[in-house]
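Undergrad: The file below is structure16.txt, compact mmCIF, C-alpha atoms:
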# COMPACT_ATOMS: atom_id res chain seq x y z
CA MET A 1 71.58 -123.53 239.34
CA SER A 2 68.55 -122.34 237.40
CA SER A 3 68.48 -124.02 234.01
CA ALA A 4 68.50 -120.67 232.17
CA LEU A 5 71.66 -119.57 233.95
CA THR A 6 73.31 -122.98 233.57
CA ASP A 7 72.64 -122.84 229.85
CA LEU A 8 74.94 -119.83 229.59
CA PHE A 9 78.05 -121.95 230.17
CA PRO A 10 78.16 -125.71 229.53
CA HIS A 11 81.06 -126.41 231.92
CA PRO A 12 80.67 -125.76 235.69
CA ILE A 13 83.69 -123.44 235.68
CA VAL A 14 83.57 -119.72 236.41
CA GLN A 15 86.67 -117.58 235.99
CA ALA A 16 86.83 -115.28 239.01
CA PRO A 17 86.80 -111.54 238.32
CA MET A 18 90.20 -110.38 239.58
CA ALA A 19 90.49 -106.59 239.80
CA GLY A 20 93.68 -104.67 239.24
CA GLY A 21 94.15 -105.55 235.59
CA VAL A 22 94.17 -109.36 235.86
CA SER A 23 90.77 -110.29 234.41
CA VAL A 24 91.27 -108.70 231.01
CA PRO A 25 89.04 -109.31 227.97
CA ARG A 26 91.38 -111.85 226.36
CA LEU A 27 91.28 -114.02 229.50
CA ALA A 28 87.50 -113.86 229.83
CA ALA A 29 87.09 -114.59 226.12
CA ALA A 30 89.35 -117.65 226.26
CA VAL A 31 87.39 -119.09 229.19
CA CYS A 32 84.05 -118.39 227.50
CA GLU A 33 85.17 -119.98 224.24
CA ALA A 34 86.25 -123.09 226.16
CA GLY A 35 82.80 -123.49 227.72
CA GLY A 36 83.24 -121.73 231.07
CA LEU A 37 81.91 -118.38 232.23
CA GLY A 38 84.50 -115.65 231.82
CA PHE A 39 84.33 -112.48 233.90
CA LEU A 40 85.55 -108.91 233.63
CA ALA A 41 86.42 -107.05 236.82
CA ALA A 42 85.03 -103.50 236.91
CA GLY A 43 86.55 -102.80 240.32
CA TYR A 44 88.98 -99.83 240.34
CA LYS A 45 88.03 -98.96 236.75
CA THR A 46 86.06 -95.98 235.51
CA ALA A 47 82.64 -96.60 234.02
CA ASP A 48 84.03 -95.82 230.57
CA GLY A 49 86.98 -98.15 231.16
CA MET A 50 84.51 -100.91 232.03
CA TYR A 51 82.43 -100.16 228.94
CA GLN A 52 85.46 -100.24 226.65
CA GLU A 53 86.49 -103.65 228.03
CA ILE A 54 82.96 -104.97 227.48
CA LYS A 55 83.11 -103.80 223.85
CA GLN A 56 86.51 -105.44 223.44
CA LEU A 57 85.29 -108.71 224.96
CA ARG A 58 82.25 -108.76 222.68
CA GLY A 59 84.62 -108.47 219.76
CA LEU A 60 86.50 -111.56 220.96
CA THR A 61 83.59 -113.89 221.76
CA GLY A 62 79.90 -114.24 221.13
CA ARG A 63 79.43 -116.38 224.22
CA PRO A 64 77.88 -115.14 227.49
CA PHE A 65 80.14 -113.49 230.07
CA GLY A 66 79.92 -111.61 233.35
CA VAL A 67 80.97 -108.28 234.87
CA ASN A 68 81.77 -107.83 238.56
CA LEU A 69 81.01 -104.68 240.58
CA PHE A 70 82.29 -103.58 243.99
CA MET A 71 79.61 -102.34 246.35
CA PRO A 72 80.14 -98.76 247.60
CA GLN A 73 81.53 -98.37 251.10
CA PRO A 74 79.66 -96.13 253.57
CA GLU A 75 81.19 -93.12 255.29
CA THR A 76 79.68 -93.89 258.69
CA PRO A 77 77.54 -96.59 260.33
CA GLY A 78 74.00 -96.24 259.04
CA ALA A 79 74.98 -94.21 255.98
CA GLY A 80 72.76 -95.21 253.09
CA THR A 81 74.47 -96.83 250.11
CA GLY A 82 71.70 -98.86 248.57
CA SER A 83 73.34 -102.00 249.91
CA THR A 84 72.30 -104.48 252.54
CA GLY A 85 74.71 -104.98 255.37
CA ALA A 86 77.58 -102.80 254.19
CA ALA A 87 75.99 -99.73 255.73
CA ASP A 88 76.91 -100.79 259.24
CA ALA A 89 80.56 -101.41 258.46
CA ALA A 90 83.26 -99.69 260.48
CA PRO A 91 83.49 -95.92 259.89
CA PHE A 92 86.47 -94.37 258.16
CA ASN A 93 89.12 -93.69 260.78
CA ALA A 94 91.08 -90.72 259.45
CA SER A 95 93.52 -90.65 262.35
CA ALA A 96 94.39 -94.35 261.95
CA VAL A 97 94.96 -93.85 258.23
CA GLY A 98 97.18 -90.87 259.02
CA VAL A 99 99.27 -92.96 261.39
CA TYR A 100 99.59 -95.67 258.75
CA ALA A 101 100.60 -93.09 256.15
CA HIS A 102 103.37 -91.91 258.48
CA GLN A 103 104.55 -95.51 258.79
CA LEU A 104 104.63 -95.87 255.01
CA ALA A 105 106.72 -92.73 254.48
CA GLY A 106 109.87 -94.82 254.31
CA GLU A 107 108.34 -96.98 251.56
CA ALA A 108 107.52 -93.86 249.55
CA ALA A 109 111.07 -92.61 249.91
CA TRP A 110 112.50 -96.02 248.94
CA TYR A 111 110.40 -96.27 245.77
CA GLU A 112 110.81 -92.54 245.04
CA THR A 113 107.10 -91.89 244.82
CA GLU A 114 104.34 -90.14 246.74
CA LEU A 115 101.67 -91.83 248.80
CA GLY A 116 98.21 -91.80 247.29
CA ASP A 117 95.27 -89.68 248.40
CA PRO A 118 93.16 -91.79 250.78
CA GLY A 119 90.13 -89.61 250.09
CA CYS A 120 89.79 -90.56 246.41
CA GLY A 121 86.29 -91.93 246.93
CA ARG A 122 84.41 -94.84 248.46
CA ASP A 123 81.80 -95.78 245.86
CA ASP A 124 84.06 -96.99 242.98
CA GLY A 125 81.71 -95.27 240.53
CA TYR A 126 78.99 -97.76 241.41
CA ASP A 127 75.93 -95.80 240.22
CA THR A 128 77.53 -94.80 236.93
CA LYS A 129 78.64 -98.36 236.22
CA LEU A 130 75.15 -99.64 236.97
CA ALA A 131 73.70 -97.10 234.55
CA VAL A 132 76.06 -98.35 231.84
CA LEU A 133 75.10 -101.98 232.52
CA LEU A 134 71.40 -101.13 232.37
CA ASP A 135 71.81 -99.24 229.09
CA ASN A 136 74.09 -101.91 227.63
CA PRO A 137 73.04 -105.17 229.34
CA VAL A 138 75.45 -108.06 229.81
CA PRO A 139 74.43 -111.66 230.53
CA VAL A 140 75.67 -111.78 234.16
CA VAL A 141 76.59 -109.23 236.83
CA SER A 142 78.11 -110.20 240.17
CA PHE A 143 78.63 -108.11 243.30
CA HIS A 144 81.40 -108.06 245.93
CA PHE A 145 81.64 -106.38 249.38
CA GLY A 146 77.90 -106.33 250.04
CA VAL A 147 74.44 -106.92 248.63
CA PRO A 148 72.74 -104.70 246.06
CA SER A 149 69.28 -103.42 246.83
CA ARG A 150 66.22 -105.34 245.64
CA GLU A 151 65.55 -102.42 243.29
CA VAL A 152 68.96 -102.82 241.65
CA VAL A 153 68.54 -106.58 241.28
CA ASP A 154 65.06 -106.17 239.81
CA SER A 155 66.29 -103.53 237.35
CA LEU A 156 68.99 -105.88 236.11
CA HIS A 157 66.48 -108.71 235.80
CA ARG A 158 64.26 -106.47 233.68
CA VAL A 159 67.04 -106.08 231.10
CA GLY A 160 67.74 -109.82 231.10
CA THR A 161 70.82 -109.89 233.35
CA PHE A 162 71.43 -112.68 235.85
CA THR A 163 72.80 -111.60 239.23
CA LEU A 164 75.26 -113.31 241.58
CA VAL A 165 76.45 -112.01 244.95
CA THR A 166 79.40 -113.13 247.07
CA ALA A 167 78.75 -114.39 250.61
CA THR A 168 81.21 -115.65 253.22
CA THR A 169 78.68 -116.90 255.79
CA ALA A 170 75.23 -118.46 255.85
CA ASP A 171 73.77 -115.22 257.21
CA GLU A 172 75.23 -113.29 254.29
CA ALA A 173 73.76 -115.88 251.93
CA ARG A 174 70.33 -115.23 253.45
CA ALA A 175 70.77 -111.53 252.72
CA VAL A 176 71.62 -112.40 249.12
CA GLU A 177 68.46 -114.48 248.83
CA ARG A 178 66.31 -111.68 250.30
CA ALA A 179 67.67 -109.30 247.67
CA GLY A 180 66.34 -111.57 244.92
CA ALA A 181 69.68 -112.55 243.35
CA ASP A 182 69.82 -115.59 241.08
CA ALA A 183 72.73 -117.33 242.82
CA VAL A 184 75.18 -116.93 245.68
CA ILE A 185 78.95 -117.20 245.38
CA ALA A 186 80.09 -118.98 248.55
CA GLN A 187 83.63 -117.73 249.12
CA GLY A 188 85.74 -119.81 251.48
CA VAL A 189 88.58 -118.40 253.52
CA GLU A 190 91.05 -120.19 251.21
CA ALA A 191 90.30 -117.72 248.40
CA GLY A 192 92.93 -115.37 247.07
CA GLY A 193 92.36 -111.63 246.97
CA HIS A 194 89.73 -109.80 248.97
CA GLN A 195 87.25 -111.60 251.15
CA GLY A 196 83.82 -110.48 250.01
CA THR A 197 82.42 -109.97 253.50
CA HIS A 198 79.35 -107.75 253.68
CA ARG A 199 80.64 -106.16 256.90
CA ASP A 200 84.27 -105.64 257.74
CA HIS A 201 84.50 -106.23 261.49
CA PRO A 202 88.09 -105.73 262.70
CA GLU A 203 87.46 -107.81 265.80
CA THR A 204 87.07 -110.96 263.70
CA GLY A 205 90.75 -110.78 262.77
CA GLY A 206 90.12 -111.96 259.24
CA ALA A 207 88.74 -115.30 260.43
CA GLY A 208 86.66 -117.20 257.91
CA ILE A 209 85.00 -120.49 257.05
CA GLY A 210 86.58 -123.21 254.91
CA LEU A 211 84.92 -123.74 251.55
CA LEU A 212 83.41 -127.21 251.99
CA SER A 213 81.93 -126.27 255.35
CA LEU A 214 80.63 -123.01 253.92
CA VAL A 215 79.00 -124.67 250.91
CA ALA A 216 77.20 -127.10 253.22
CA GLN A 217 76.03 -124.29 255.52
CA VAL A 218 74.85 -122.11 252.64
CA ARG A 219 73.01 -125.02 251.01
CA GLU A 220 71.06 -125.55 254.24
CA ALA A 221 70.42 -121.84 254.73
CA VAL A 222 69.06 -120.84 251.32
CA SER A 223 67.42 -122.34 248.27
CA LEU A 224 69.61 -120.40 245.85
CA PRO A 225 72.09 -122.15 243.55
CA VAL A 226 75.65 -121.98 244.89
CA VAL A 227 78.90 -121.18 243.08
CA ALA A 228 81.82 -122.37 245.24
CA ALA A 229 84.99 -120.24 245.40
CA GLY A 230 88.20 -120.60 247.35
CA GLY A 231 91.46 -122.42 246.69
CA ILE A 232 90.16 -124.55 243.81
CA MET A 233 92.98 -125.55 241.45
CA ARG A 234 92.14 -129.06 240.19
CA GLY A 235 89.22 -130.84 238.63
CA ALA A 236 88.97 -133.19 241.60
CA GLN A 237 88.30 -130.16 243.81
CA ILE A 238 85.55 -129.08 241.45
CA ALA A 239 84.10 -132.56 241.83
CA ALA A 240 84.25 -132.16 245.61
CA VAL A 241 82.29 -128.90 245.70
CA LEU A 242 79.76 -130.23 243.20
CA ALA A 243 79.30 -133.28 245.42
CA ALA A 244 78.82 -130.91 248.38
CA GLY A 245 75.93 -129.26 246.57
CA ALA A 246 77.46 -126.45 244.52
CA SER A 247 76.30 -125.94 240.95
CA ALA A 248 79.63 -124.59 239.70
CA ALA A 249 83.11 -123.66 240.87
CA GLN A 250 84.77 -120.25 240.62
CA LEU A 251 88.54 -120.26 240.11
CA GLY A 252 90.80 -117.23 240.32
CA THR A 253 94.40 -118.14 241.17
CA ALA A 254 94.25 -121.07 238.73
CA PHE A 255 93.68 -118.60 235.87
CA LEU A 256 96.09 -115.98 237.18
CA ALA A 257 99.09 -117.89 235.82
CA THR A 258 97.70 -118.27 232.29
CA PRO A 259 99.31 -116.30 229.43
CA GLU A 260 95.99 -114.49 228.82
CA SER A 261 95.93 -113.16 232.39
CA GLY A 262 96.84 -109.50 232.79
CA ALA A 263 98.78 -110.17 235.98
CA HIS A 264 102.32 -108.81 236.22
CA ALA A 265 105.02 -111.34 235.26
CA LEU A 266 106.47 -111.10 238.78
CA HIS A 267 103.06 -111.98 240.23
CA LYS A 268 102.72 -115.02 237.98
CA ASP A 269 106.23 -116.20 238.83
CA ALA A 270 105.67 -115.74 242.56
CA LEU A 271 102.83 -118.30 242.60
CA THR A 272 105.29 -121.17 242.33
CA ASN A 273 108.50 -119.39 243.36
CA PRO A 274 109.95 -121.16 246.43
CA LEU A 275 110.69 -117.75 247.96
CA PHE A 276 106.95 -117.40 248.65
CA VAL A 277 105.95 -120.36 250.75
CA ARG A 278 102.55 -119.37 252.13
CA THR A 279 99.62 -116.98 251.98
CA GLU A 280 98.04 -114.86 254.67
CA LEU A 281 95.01 -112.63 255.11
CA THR A 282 96.18 -109.03 255.43
CA ARG A 283 94.96 -105.44 255.46
CA ALA A 284 98.42 -104.13 254.53
CA PHE A 285 97.60 -103.10 250.96
CA SER A 286 93.93 -102.12 251.04
CA GLY A 287 92.58 -101.92 254.58
CA ARG A 288 90.30 -104.94 254.02
CA PRO A 289 91.19 -108.60 254.62
CA ALA A 290 92.68 -110.05 251.46
CA ARG A 291 94.74 -113.21 250.93
CA GLY A 292 98.15 -112.79 249.36
CA LEU A 293 101.60 -114.33 249.26
CA VAL A 294 103.62 -113.32 252.29
CA ASN A 295 106.33 -110.87 251.23
CA ARG A 296 108.31 -108.13 252.93
CA PHE A 297 105.59 -105.47 252.70
CA LEU A 298 102.95 -107.78 254.15
CA ARG A 299 105.20 -108.88 257.03
CA GLU A 300 106.32 -105.38 257.95
CA HIS A 301 103.05 -103.48 257.59
CA GLY A 302 100.24 -106.04 257.88
CA PRO A 303 100.12 -106.00 261.70
CA TYR A 304 99.63 -102.22 261.74
CA ALA A 305 97.28 -101.60 258.83
CA PRO A 306 93.93 -100.11 259.92
CA ALA A 307 90.50 -101.37 258.91
CA ALA A 308 89.96 -98.60 256.39
CA TYR A 309 88.90 -99.63 252.90
CA PRO A 310 89.27 -98.19 250.32
CA GLU A 311 91.36 -95.44 251.95
CA VAL A 312 94.37 -97.72 252.48
CA HIS A 313 93.97 -99.04 248.93
CA HIS A 314 94.24 -95.50 247.56
CA LEU A 315 97.11 -94.73 249.95
CA THR A 316 99.27 -97.66 248.84
CA ALA A 317 98.40 -97.68 245.13
CA PRO A 318 101.45 -95.62 244.06
CA LEU A 319 103.73 -97.82 246.19
CA ARG A 320 102.46 -100.99 244.57
CA LYS A 321 102.77 -99.48 241.11
CA ALA A 322 106.32 -98.28 241.81
CA ALA A 323 107.35 -101.67 243.21
CA ALA A 324 106.08 -103.39 240.07
CA LYS A 325 107.91 -100.90 237.86
CA ALA A 326 111.10 -101.50 239.84
CA GLY A 327 110.72 -105.27 239.48
CA ASP A 328 110.39 -105.71 243.25
CA ALA A 329 107.87 -108.42 244.12
CA GLN A 330 108.52 -107.78 247.82
CA GLY A 331 106.55 -104.53 247.59
CA MET A 332 103.65 -105.75 245.46
CA ALA A 333 100.24 -107.08 246.44
CA LEU A 334 100.65 -110.70 245.34
CA TRP A 335 97.06 -111.88 245.72
CA ALA A 336 96.81 -115.67 245.70
CA GLY A 337 94.68 -118.44 247.12
CA GLN A 338 95.94 -121.25 249.33
CA GLY A 339 96.38 -123.54 246.33
CA HIS A 340 98.83 -121.21 244.57
CA ARG A 341 101.64 -123.79 244.43
CA MET A 342 99.42 -125.87 242.13
CA ALA A 343 99.23 -123.15 239.47
CA ARG A 344 99.79 -124.31 235.89
CA GLU A 345 101.09 -122.09 233.07
CA LEU A 346 98.58 -123.36 230.55
CA PRO A 347 96.56 -121.29 228.07
CA ALA A 348 93.20 -120.50 229.66
CA GLY A 349 91.18 -122.55 227.18
CA GLU A 350 93.47 -125.54 227.59
CA LEU A 351 93.24 -125.18 231.38
CA VAL A 352 89.45 -125.43 231.17
CA GLU A 353 89.81 -128.61 229.11
CA VAL A 354 92.28 -130.12 231.58
CA LEU A 355 90.04 -129.25 234.52
CA MET A 356 87.07 -130.89 232.82
CA ALA A 357 89.11 -134.04 232.13
CA GLU A 358 90.15 -134.13 235.79
CA LEU A 359 86.55 -133.60 236.84
CA ALA A 360 85.43 -136.53 234.69
CA SER A 361 88.19 -138.73 236.11
CA ALA A 362 87.19 -137.83 239.67
CA GLY A 363 83.58 -138.62 238.88
CA THR A 364 84.53 -142.02 237.47
CA ALA A 365 86.58 -142.83 240.57
CA LEU A 366 83.70 -141.82 242.84
CA THR A 367 81.24 -143.96 240.87
CA ARG A 368 83.51 -146.98 241.23
CA TYR A 369 83.78 -146.39 244.97
CA VAL A 370 80.04 -145.99 245.46
CA SER A 371 79.29 -149.07 243.35
CA GLY A 372 81.65 -151.19 245.44
CA GLY A 373 84.54 -151.40 242.99
CA THR A 374 88.04 -152.29 244.12
CA ASP A 375 89.66 -149.10 242.83
CA ARG A 376 89.71 -147.36 246.19
How would this structure read if it were set down as structure tokens?
TA:
Amino acid sequence: MSSALTDLFPHPIVQAPMAGGVSVPRLAAAVCEAGGLGFLAAGYKTADGMYQEIKQLRGLTGRPFGVNLFMPQPETPGAGTGSTGAADAAPFNASAVGVYAHQLAGEAAWYETELGDPGCGRDDGYDTKLAVLLDNPVPVVSFHFGVPSREVVDSLHRVGTFTLVTATTADEARAVERAGADAVIAQGVEAGGHQGTHRDHPETGGAGIGLLSLVAQVREAVSLPVVAAGGIMRGAQIAAVLAAGASAAQLGTAFLATPESGAHALHKDALTNPLFVRTELTRAFSGRPARGLVNRFLREHGPYAPAAYPEVHHLTAPLRKAAAKAGDAQGMALWAGQGHRMARELPAGELVEVLMAELASAGTALTRYVSGGTDR
């Protein structure tokens, strides 16, 4: 990673921006204070809500931090959004969303709520949030669900902001490099939450590339520094991605269980609850492939959910909120990576310290192996 960007956080640990109220200021601050790079998630927030969280975070730490933005989703193929790649995503299929809404009517009745309005908007307030970040610059901004235009990247560079963009393939990484970003976040299929694909092609069935293979492919495809993301829960795994050529590791699920995380208590408990034995990529809650713990809602509705993001997200939002209020984890979106069973309920700062100790231990073991030691 470029020396200037590396200087922002002494430890090669990035706290993933988890939307939906998880990556709150107190979590980002704790990670920053421990030497990692903490992130706020602007997704699903208003521009003012994002700004208020930035102000709160600045009151908690003087260390550098990041803010993550969702790229706007186009109405139809070829519709201009200022993004690279996302413009030729699948068009909004109103009839398919209507059919799915009919299927979810029973859920609405069960939770005594109404379904959400699928037409709430597709841009997540992108332009307004960018304007705020240009008027009130932050050290780092990352992008999910597509690539910002070269103009946007250059404008952020002019105010001193580093830019990172998620990629799930080598081709997507090349698009990130062409846009002029400072680094690429290589997101393996093991990652919890939404896959940051630039194009949502239903025919791929949510298939993806494992993290170590992806890091190697991205390293050969571009000259950008790589931040590795996907299923990382231990320091030895950080050592593995660093050995594969990454400059840092991004962890989400590992921080989800910390007391500073804004995740619902049921969500935190589910990570290690034996009732939830595996994760799966699903469109059930949002219309885009996202990895979560398999629960009743995912099993019953995942096979029928259309490729329609963010319409399905808006549609199911009241259901998810009502399920959480009712204390029913079987109706919530329990986003989690494949390593969820390894979650540790440690304070975020302490978790960073433990991860760094594990990283050092893994490095020592590797050095002994390479030097011909007997500790193999």
Undergrad: From the set A:Ala324, A:Ala228, A:Ala343, A:Ala109, which residue has the shortest atom-to-atom contact distance to A:Gly210, counting only C-alpha atoms?
TA: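 Answer, going by the shortest atom-to-atom distance: A:Ala228.
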Undergrad: Using only C-alpha atoms, find the one residue out of A:Phe70, A:Thr46, A:Asp123, A:Thr258 that sits nearest to A:Gly196.
TA: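 Among the listed residues, the smallest separation from A:Gly196 belongs to A:Phe70.
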Undergrad: Neighbours of A:Pro303 within 12 Å (only C-alpha atoms; same-chain residues fewer than 3 positions away dropped), as a compact mmCIF listing (two decimals) with C-alpha atoms, in the frame of the given file?
TA:
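So part36.txt came out as:
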# COMPACT_ATOMS: atom_id res chain seq x y z
CA TYR A 100 99.59 -95.67 258.75
CA GLN A 103 104.55 -95.51 258.79
CA GLY A 205 90.75 -110.78 262.77
CA GLY A 206 90.12 -111.96 259.24
CA GLU A 280 98.04 -114.86 254.67
CA LEU A 281 95.01 -112.63 255.11
CA THR A 282 96.18 -109.03 255.43
CA ARG A 283 94.96 -105.44 255.46
CA ALA A 284 98.42 -104.13 254.53
CA PHE A 285 97.60 -103.10 250.96
CA GLY A 287 92.58 -101.92 254.58
CA PRO A 289 91.19 -108.60 254.62
CA PHE A 297 105.59 -105.47 252.70
CA LEU A 298 102.95 -107.78 254.15
CA ARG A 299 105.20 -108.88 257.03
CA GLU A 300 106.32 -105.38 257.95
CA PRO A 306 93.93 -100.11 259.92
CA ALA A 307 90.50 -101.37 258.91
Undergrad: In terms of the shortest atom-to-atom distance over all atoms listed in the file, which of A:Gln187, A:Ser261, A:Thr169, A:Thr161 is closest to A:Arg199?
TA: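 For A:Arg199, the nearest of the given residues is A:Thr169.
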Undergrad: Here is a test: counting all atoms listed in the file, which residue of A:Ala257, A:Ala357, A:Val226, A:Ala47 is nearest to A:Ala244?
TA: A:Val226
Undergrad: Dump as a PyMOL selection string all residues having an atom at most 12 Å from (76.5, -111.9, 253.4), computed in the file's coordinates with only C-alpha atoms.
TA: chain A and resi 83-86+143-148+164-179+184-187+195-200+214+218+221-222
Undergrad: Can you tell me how far atom CA of A:Asp124 sits from atom CA of A:Ala41, in Å to one decimal?
TA: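 For atom CA of A:Asp124 relative to atom CA of A:Ala41, the distance reads 12.0 Å.
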Undergrad: Mind listing whatever residues come within 8 Å of the point (90.8, -131.9, 238.0)? Use all atoms listed in the file, file coordinates, and give them as a VMD selection string.
TA: chain A and resid 233 to 239 354 to 362
Undergrad: Contacts of A:Ala348 at 9 Å or less, counting only C-alpha atoms, minus same-chain residues fewer than 2 places along, as a compact mmCIF listing (two decimals) with C-alpha atoms, keeping the file's coordinate frame?
TA:
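Final file, selection_3.txt:
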# COMPACT_ATOMS: atom_id res chain seq x y z
CA LEU A 27 91.28 -114.02 229.50
CA ALA A 28 87.50 -113.86 229.83
CA ALA A 30 89.35 -117.65 226.26
CA VAL A 31 87.39 -119.09 229.19
CA ALA A 34 86.25 -123.09 226.16
CA PHE A 255 93.68 -118.60 235.87
CA ALA A 257 99.09 -117.89 235.82
CA THR A 258 97.70 -118.27 232.29
CA PRO A 259 99.31 -116.30 229.43
CA GLU A 260 95.99 -114.49 228.82
CA SER A 261 95.93 -113.16 232.39
CA GLU A 345 101.09 -122.09 233.07
CA LEU A 346 98.58 -123.36 230.55
CA GLU A 350 93.47 -125.54 227.59
CA LEU A 351 93.24 -125.18 231.38
CA VAL A 352 89.45 -125.43 231.17
CA GLU A 353 89.81 -128.61 229.11
Undergrad: Taking all atoms listed in the file into account, name the residue in A:Met332, A:Gly230, A:Arg26, A:Tyr44 that is nearest to A:Leu57.
TA: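 That would be A:Arg26, the residue with the smallest distance to A:Leu57.
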Undergrad: Which residue is closest to A:Tyr304? Choose from A:Leu133, A:Ala229, A:Val99, A:Ile13 and count all atoms listed in the file.
TA: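 Of the candidates, the smallest distance to A:Tyr304 is held by A:Val99.
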Undergrad: Identify, on the basis of only C-alpha atoms, every residue whose closest approach to stretch 17-20 of chain A does not exceed 8 Å; exclude the query and any residue fewer than 5 positions from it along the same chain; express the result as a list in words.
TA: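 After dropping sequence-adjacent residues, the list is Phe39, Leu40, Ala41, Ala42, Gly43, Tyr44, Val67, Asn68, Gly193 and Gly252 of chain A.
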Undergrad: Counting only C-alpha atoms, what is within 10 Å of A:Ala322, bar same-chain residues fewer than 2 positions away, as a list in words?
TA: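 After dropping sequence-adjacent residues, the list is Ala108, Trp110, Tyr111, Glu112, Thr113, Glu114, Thr316, Ala317, Pro318, Leu319, Arg320, Ala324, Lys325, Ala326, Gly327, Asp328, Gly331 and Met332 of chain A.
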Undergrad: Could you state the separation of atom CA of A:Glu203 and atom CA of A:Ser142 in Å, given to one decimal place?
TA: 27.4 Å
Undergrad: I'd like the interatomic distance between atom CA of A:Val241 and atom CA of A:Pro347, to a tenth of an Å.
TA: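 Between atom CA of A:Val241 and atom CA of A:Pro347 the gap works out to 23.9 Å.
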